[in-house]
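S.K.: Here you go, run-v7.txt (compact mmCIF, C-alpha atoms):
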# COMPACT_ATOMS: atom_id res chain seq x y z
CA MET Z 972 110.35 170.52 104.17
CA VAL Z 973 110.76 169.15 100.64
CA ASP Z 974 112.95 166.45 102.18
CA ILE Z 975 109.84 164.58 103.43
CA VAL Z 976 108.02 162.27 101.00
CA VAL Z 977 104.63 160.96 102.15
CA ILE Z 978 103.40 157.91 100.22
CA PHE Z 979 99.78 156.84 100.62
CA ASP Z 980 97.87 153.72 99.73
CA PHE Z 981 94.37 154.66 98.56
CA ASP Z 982 91.68 152.05 99.31
CA LYS Z 983 90.90 151.84 103.06
CA THR Z 984 93.64 154.40 103.72
CA ILE Z 985 92.70 157.69 102.03
CA ILE Z 986 89.14 156.48 101.40
CA ASP Z 987 87.35 154.30 103.93
CA CYS Z 988 86.41 151.42 101.62
CA ASP Z 989 87.66 149.39 98.67
CA SER Z 990 86.85 151.47 95.58
CA ASP Z 991 86.28 148.44 93.31
CA ASN Z 992 83.81 146.86 95.73
CA TRP Z 993 82.15 150.22 96.37
CA VAL Z 994 81.44 150.82 92.68
CA LEU Z 995 80.22 147.26 92.07
CA ASP Z 996 77.98 147.32 95.14
CA GLU Z 997 76.47 150.71 94.29
CA LEU Z 998 75.80 149.70 90.68
CA GLY Z 999 74.29 146.33 91.60
CA ALA Z 1000 77.00 144.20 90.01
CA THR Z 1001 78.39 142.42 93.07
CA LYS Z 1002 76.60 139.10 92.49
CA LEU Z 1003 78.00 138.65 88.99
CA PHE Z 1004 81.45 139.74 90.14
CA ASN Z 1005 81.46 137.13 92.91
CA GLN Z 1006 80.34 134.44 90.45
CA LEU Z 1007 83.20 135.21 88.06
CA LEU Z 1008 85.90 135.89 90.66
CA PRO Z 1009 87.03 132.23 90.97
CA THR Z 1010 87.60 132.09 87.20
CA MET Z 1011 89.51 135.34 86.47
CA PRO Z 1012 92.29 137.52 87.93
CA TRP Z 1013 91.04 140.69 89.65
CA ASN Z 1014 92.03 143.35 87.09
CA PRO Z 1015 90.74 141.52 84.00
CA LEU Z 1016 87.57 140.80 85.94
CA MET Z 1017 87.10 144.49 86.80
CA ASP Z 1018 87.57 145.30 83.10
CA ARG Z 1019 84.96 142.64 82.26
CA MET Z 1020 82.56 144.10 84.83
CA MET Z 1021 82.90 147.57 83.31
CA LYS Z 1022 82.04 145.99 79.95
CA GLU Z 1023 78.97 144.30 81.44
CA LEU Z 1024 77.80 147.54 83.06
CA HIS Z 1025 78.36 149.45 79.81
CA SER Z 1026 76.31 146.92 77.87
CA GLN Z 1027 73.49 147.36 80.40
CA GLY Z 1028 73.42 151.10 79.76
CA THR Z 1029 75.57 152.35 82.64
CA LYS Z 1030 77.24 155.61 81.63
CA ILE Z 1031 80.59 157.02 82.72
CA GLU Z 1032 78.69 159.78 84.51
CA ASP Z 1033 76.87 157.10 86.53
CA ILE Z 1034 80.21 155.65 87.63
CA LYS Z 1035 81.52 159.12 88.47
CA ALA Z 1036 78.42 159.84 90.55
CA VAL Z 1037 79.05 156.67 92.59
CA LEU Z 1038 82.73 157.54 93.04
CA LYS Z 1039 81.83 161.02 94.31
CA ARG Z 1040 79.85 159.35 97.13
CA THR Z 1041 82.82 157.25 98.24
CA PRO Z 1042 83.27 157.56 102.03
CA ILE Z 1043 86.30 159.61 103.07
CA HIS Z 1044 86.91 161.04 106.53
CA PRO Z 1045 87.08 164.86 106.59
CA ARG Z 1046 90.17 164.77 108.85
CA ILE Z 1047 92.01 162.77 106.18
CA ILE Z 1048 91.19 165.46 103.63
CA GLN Z 1049 92.56 168.07 106.04
CA ALA Z 1050 95.64 165.96 106.81
CA ILE Z 1051 96.53 165.78 103.12
CA LYS Z 1052 96.13 169.54 102.74
CA SER Z 1053 98.16 170.19 105.88
CA ALA Z 1054 101.02 167.87 104.87
CA TYR Z 1055 101.18 169.59 101.49
CA ALA Z 1056 101.11 173.04 103.08
CA LEU Z 1057 104.02 171.98 105.30
CA GLY Z 1058 106.07 171.31 102.18
CA CYS Z 1059 105.87 167.52 101.93
CA ASP Z 1060 105.96 165.74 98.56
CA LEU Z 1061 102.82 163.56 98.40
CA LYS Z 1062 102.51 160.43 96.27
CA ILE Z 1063 100.02 157.55 95.91
CA VAL Z 1064 100.88 153.88 95.40
CA SER Z 1065 97.63 151.95 95.04
CA ASP Z 1066 96.14 148.75 93.64
CA ALA Z 1067 92.94 150.64 92.74
CA ASN Z 1068 92.92 152.28 89.29
CA ALA Z 1069 93.68 155.69 87.83
CA PHE Z 1070 90.10 156.55 86.85
CA PHE Z 1071 88.65 155.83 90.29
CA ILE Z 1072 91.47 157.62 92.14
CA GLU Z 1073 91.52 160.68 89.88
CA THR Z 1074 87.73 161.06 90.01
CA ILE Z 1075 87.60 160.89 93.81
CA LEU Z 1076 90.57 163.20 94.35
CA LYS Z 1077 89.26 165.80 91.88
CA HIS Z 1078 85.83 165.72 93.53
CA HIS Z 1079 87.39 166.61 96.88
CA GLY Z 1080 89.81 169.15 95.40
CA LEU Z 1081 92.84 167.01 96.28
CA ARG Z 1082 94.35 166.05 92.92
CA GLU Z 1083 96.76 169.00 92.82
CA TYR Z 1084 98.35 167.96 96.10
CA PHE Z 1085 99.87 164.74 94.69
CA SER Z 1086 102.99 164.80 92.53
CA GLU Z 1087 102.67 161.17 91.48
CA ILE Z 1088 100.02 158.42 91.31
CA ASN Z 1089 101.19 154.84 90.79
CA THR Z 1090 98.26 152.51 90.15
CA ASN Z 1091 96.50 150.29 87.60
CA PRO Z 1092 95.66 152.12 84.35
CA GLY Z 1093 92.01 153.07 83.99
CA PHE Z 1094 90.59 155.20 81.18
CA VAL Z 1095 87.50 155.76 79.06
CA ASP Z 1096 87.79 154.37 75.51
CA GLU Z 1097 86.27 155.77 72.31
CA GLU Z 1098 83.05 153.82 72.94
CA GLY Z 1099 82.56 155.51 76.30
CA ARG Z 1100 83.44 152.35 78.21
CA LEU Z 1101 85.78 152.32 81.20
CA ARG Z 1102 88.80 150.09 80.62
CA ILE Z 1103 90.94 148.78 83.48
CA PHE Z 1104 94.33 147.11 83.03
CA PRO Z 1105 96.98 145.73 85.42
CA HIS Z 1106 99.89 147.92 86.51
CA HIS Z 1107 102.24 145.02 85.77
CA ASP Z 1108 101.49 142.64 82.89
CA PHE Z 1109 101.78 139.41 84.85
CA THR Z 1110 100.69 137.35 81.81
CA GLN Z 1111 103.99 138.23 80.10
CA SER Z 1112 106.34 138.12 83.08
CA PRO Z 1113 105.68 137.78 86.82
CA HIS Z 1114 107.18 140.49 89.03
CA GLY Z 1115 108.87 137.78 91.07
CA CYS Z 1116 108.24 139.17 94.53
CA HIS Z 1117 108.13 136.55 97.28
CA HIS Z 1118 106.05 138.70 99.63
CA PRO Z 1119 102.22 138.67 99.58
CA CYS Z 1120 101.91 141.13 96.66
CA PRO Z 1121 99.14 140.69 94.08
CA PRO Z 1122 100.43 139.49 90.68
CA ASN Z 1123 99.55 142.79 88.99
CA MET Z 1124 101.49 145.07 91.34
CA CYS Z 1125 104.46 144.83 93.69
CA LYS Z 1126 104.40 148.08 95.63
CA GLY Z 1127 107.88 147.34 96.94
CA THR Z 1128 109.22 147.65 93.39
CA VAL Z 1129 107.47 151.00 93.02
CA ILE Z 1130 108.98 152.22 96.31
CA GLU Z 1131 112.45 151.17 95.15
CA ARG Z 1132 112.00 153.23 91.99
CA ILE Z 1133 110.88 156.24 94.05
CA GLN Z 1134 113.85 155.78 96.38
CA ALA Z 1135 116.24 155.61 93.42
CA SER Z 1136 114.87 158.86 92.00
CA MET Z 1137 115.15 160.48 95.44
CA SER Z 1138 118.75 159.40 96.01
CA MET Z 1139 120.01 161.99 93.51
CA LYS Z 1140 118.29 164.83 95.36
CA GLY Z 1141 119.86 164.56 98.81
CA LYS Z 1142 118.64 162.97 102.04
CA LYS Z 1143 114.88 162.47 102.17
CA THR Z 1144 112.63 160.77 104.71
CA ILE Z 1145 109.72 158.56 103.62
CA ILE Z 1146 106.46 158.20 105.53
CA TYR Z 1147 104.39 155.31 104.15
CA LEU Z 1148 100.70 154.78 105.00
CA GLY Z 1149 98.71 151.67 104.14
CA ASP Z 1150 96.34 148.95 105.31
CA GLY Z 1151 96.50 145.82 103.13
CA VAL Z 1152 98.78 142.84 102.57
CA GLY Z 1153 100.20 144.61 99.52
CA ASP Z 1154 101.51 147.36 101.81
CA PHE Z 1155 103.81 144.98 103.67
CA CYS Z 1156 106.41 144.69 100.90
CA PRO Z 1157 106.94 148.48 100.59
CA SER Z 1158 107.19 148.68 104.39
CA LEU Z 1159 110.19 146.34 104.17
CA LYS Z 1160 111.90 148.69 101.71
CA LEU Z 1161 111.99 151.57 104.19
CA GLY Z 1162 115.17 152.24 106.14
CA ASP Z 1163 116.30 153.70 109.44
CA GLY Z 1164 114.89 157.19 109.79
CA ASP Z 1165 111.79 156.39 107.71
CA TYR Z 1166 108.31 155.85 109.14
CA VAL Z 1167 105.60 153.34 108.33
CA MET Z 1168 102.00 154.11 109.37
CA PRO Z 1169 99.97 150.88 109.17
CA ARG Z 1170 96.24 150.96 109.85
CA LYS Z 1171 95.78 149.11 113.11
CA ASN Z 1172 93.91 145.78 113.04
CA PHE Z 1173 94.10 145.64 109.24
CA PRO Z 1174 96.12 143.01 107.28
CA VAL Z 1175 99.36 145.01 107.00
CA TRP Z 1176 99.28 145.67 110.76
CA ASP Z 1177 99.05 141.93 111.42
CA LEU Z 1178 101.96 141.20 109.08
CA ILE Z 1179 104.10 143.92 110.65
CA CYS Z 1180 103.31 142.66 114.16
CA GLU Z 1181 104.36 139.14 113.11
CA ASN Z 1182 107.57 140.39 111.46
CA ARG Z 1183 108.67 143.41 113.51
CA ARG Z 1184 112.34 142.40 113.33
CA LEU Z 1185 112.20 142.85 109.53
CA ILE Z 1186 110.94 146.44 109.74
CA LYS Z 1187 113.70 149.05 109.91
CA ALA Z 1188 111.38 152.08 109.82
CA GLU Z 1189 109.67 153.41 112.93
CA ILE Z 1190 106.12 152.06 113.26
CA CYS Z 1191 103.34 154.59 113.96
CA GLU Z 1192 99.91 153.03 113.73
CA TRP Z 1193 96.54 154.72 113.28
CA SER Z 1194 92.94 153.49 113.39
CA ASN Z 1195 90.64 156.21 112.02
CA GLY Z 1196 90.57 159.62 110.36
CA GLU Z 1197 91.35 161.56 113.52
CA GLU Z 1198 94.39 159.42 114.31
CA PHE Z 1199 95.47 159.53 110.65
CA GLU Z 1200 95.68 163.32 110.89
CA HIS Z 1201 97.17 163.52 114.40
CA VAL Z 1202 99.85 160.88 113.85
CA LEU Z 1203 100.85 162.05 110.36
CA LEU Z 1204 101.26 165.69 111.40
CA HIS Z 1205 103.11 164.67 114.55
CA VAL Z 1206 105.58 162.57 112.54
CA ILE Z 1207 106.13 165.40 110.05
CA ASN Z 1208 106.75 167.80 112.93
CA ARG Z 1209 109.08 165.36 114.63
CA ILE Z 1210 111.16 164.91 111.47
CA SER Z 1211 111.44 168.66 110.97
CA ILE Z 1212 112.51 169.21 114.58
CA ASP Z 1213 115.13 166.46 114.35
CA ARG Z 1214 116.45 167.94 111.12
CA ASN Z 1215 116.63 171.47 112.49
CA ASN Z 1216 118.28 170.56 115.78
CA SER Z 1217 121.47 168.66 115.11
CA ASP Z 1218 122.32 168.86 118.80
CA ASN Z 1219 119.48 166.36 119.40
CA THR Z 1220 117.46 168.69 121.60
CA ALA Z 1221 114.53 167.48 119.54
CA ARG Z 1222 114.65 164.25 121.56
CA LEU Z 1223 112.83 166.16 124.30
CA TYR Z 1224 109.78 166.18 122.03
CA SER Z 1225 109.98 162.56 120.91
CA ILE Z 1226 107.35 160.05 121.87
CA ASP Z 1227 106.88 156.39 121.22
CA CYS Z 1228 104.74 156.24 118.10
CA LYS Z 1229 103.21 152.96 119.24
CA LEU Z 1230 100.12 154.68 120.49
CA GLN Z 1231 98.61 151.79 122.38
CA THR Z 1232 101.48 152.08 124.88
CA LEU Z 1233 100.51 155.64 125.81
CA PRO Z 1234 97.75 156.49 128.29
CA GLY Z 1235 95.13 158.96 127.09
CA ALA Z 1236 96.69 161.97 128.79
CA ALA Z 1237 100.09 161.18 127.35
CA GLN Z 1238 98.62 160.91 123.87
CA GLU Z 1239 96.95 164.28 124.25
CA LYS Z 1240 100.19 165.87 125.44
CA ALA Z 1241 102.17 164.27 122.63
CA PHE Z 1242 99.79 165.48 119.95
CA SER Z 1243 99.99 169.03 121.29
CA HIS Z 1244 103.37 169.27 119.54
CA ALA Z 1245 101.86 168.50 116.12
CA LEU Z 1246 101.89 171.32 113.64
CA TYR Z 1247 98.44 172.27 112.46
CA VAL Z 1248 97.40 174.26 109.43
CA PRO Z 1249 93.92 175.73 109.94
CA HIS Z 1250 91.19 175.65 107.30
Mind turning the file's structure into structure tokens?

M.R.:
Amino acid sequence: MVDIVVIFDFDKTIIDCDSDNWVLDELGATKLFNQLLPTMPWNPLMDRMMKELHSQGTKIEDIKAVLKRTPIHPRIIQAIKSAYALGCDLKIVSDANAFFIETILKHHGLREYFSEINTNPGFVDEEGRLRIFPHHDFTQSPHGCHHPCPPNMCKGTVIERIQASMSMKGKKTIIYLGDGVGDFCPSLKLGDGDYVMPRKNFPVWDLICENRRLIKAEICEWSNGEEFEHVLLHVINRISIDRNNSDNTARLYSIDCKLQTLPGAAQEKAFSHALYVPH
């Protein structure tokens, strides 16, 4: 099933919070951050906050300890492992930063499952201070996207690069999961046969609902960790069935991914077709 590429956002998708806010809240730096926010772009401000914390004696191990407590639903951990075991190529496209993402994934034993992480650079310098920089240097040249992407990262551009690299390797299907306004642009880059999994009642869900005619991919929403796992594995199974049955007998197994249209019993029956890899 190497022909399926699953691309995840990170904050409020894989983890159940915003990693920047989580770290600042846990280390008692939220008040200063909020005071400075009107005066600085987000990434330079996060870099400044790491400098402030370092000057106050906060160590990298203190930051790591906070990151290891980041809330993540156990079914999402299992879903990632299951998708990998089923042969999917897993990637991350996130407006968090490399240090936060790597630390959290390694803590949960998940780093090895991802072939690629696209995010803002974050690393520890020679002074033991965490540095955070923008993915795209918007001070030199704006990325020019007209959709609601932050100035430091247009995820749609990243998706286009991934699609270009995939085009030389035969037909592949993309499943994209996200929650925020920055996940709308990459959703627009998906084509017929792809799937977008927006988190219901989050900003990207609202944008998709308002602009459904612009979305070519099939929309399969989710709300929590259990639905994240159920829907993702069902979509993977559905793609594999469609691929393996050119006579379209797989249509017998198809359901409408728009879960709110299904009564409870129908949802339960639909999910019974999902492949499951036990612990």

S.K.: For Leu1061 of chain Z, which residue among Z:Asp1154, Z:Glu1087, Z:Glu1131, Z:Glu1073 is the nearest when counting all atoms listed in the file?

M.R.: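 Answer, going by the shortest atom-to-atom distance: Z:Glu1087.
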
S.K.: Within 9 Å of Lys1126 of chain Z, counting all atoms listed in the file, which residues qualify if same-chain residues fewer than 4 places away don't, as a PyMOL selection string?

M.R.: chain Z and resi 1064-1066+1089+1120+1130-1131+1153-1157

S.K.: Would you please work out which residue, of Z:Cys988, Z:Met1137, Z:Leu1159, Z:Val1095, is nearest to Asn1182 of chain Z when using only C-alpha atoms?

M.R.: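 Comparing Z:Cys988, Z:Met1137, Z:Leu1159, Z:Val1095 against Asn1182 of chain Z, the winner is Z:Leu1159.
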
S.K.: Dump as a ChimeraX atom specification all residues having an atom at most 9 Å from (91.1, 156.2, 87.7), computed in the file's coordinates with all atoms listed in the file.

M.R.: /Z:1067-1075,1090-1094,1103

S.K.: Would you list the residues near (88.4, 158.8, 113.0), meaning any protein, DNA or RNA residue with an atom at most 12 Å from that point in file coordinates, counting only C-alpha atoms, as JSON, numbers by chain?

M.R.: {"Z": [984, 985, 986, 987, 1043, 1044, 1045, 1046, 1047, 1048, 1050, 1170, 1193, 1194, 1195, 1196, 1197, 1198, 1199, 1200, 1201, 1202]}

S.K.: Work out how far atom CA of Glu1192 of chain Z is from atom CA of Met1168 of chain Z, in Å to one decimal.

M.R.: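 Spanning atom CA of Met1168 of chain Z to atom CA of Glu1192 of chain Z is a straight-line distance of 5.0 Å.
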
S.K.: Quick one: residues within 10 Å of Pro1015 of chain Z, all atoms listed in the file, excluding same-chain residues fewer than 3 positions away - as an NGL selection string?

M.R.: :Z and (1008 or 1011-1012 or 1018-1021 or 1102-1105)
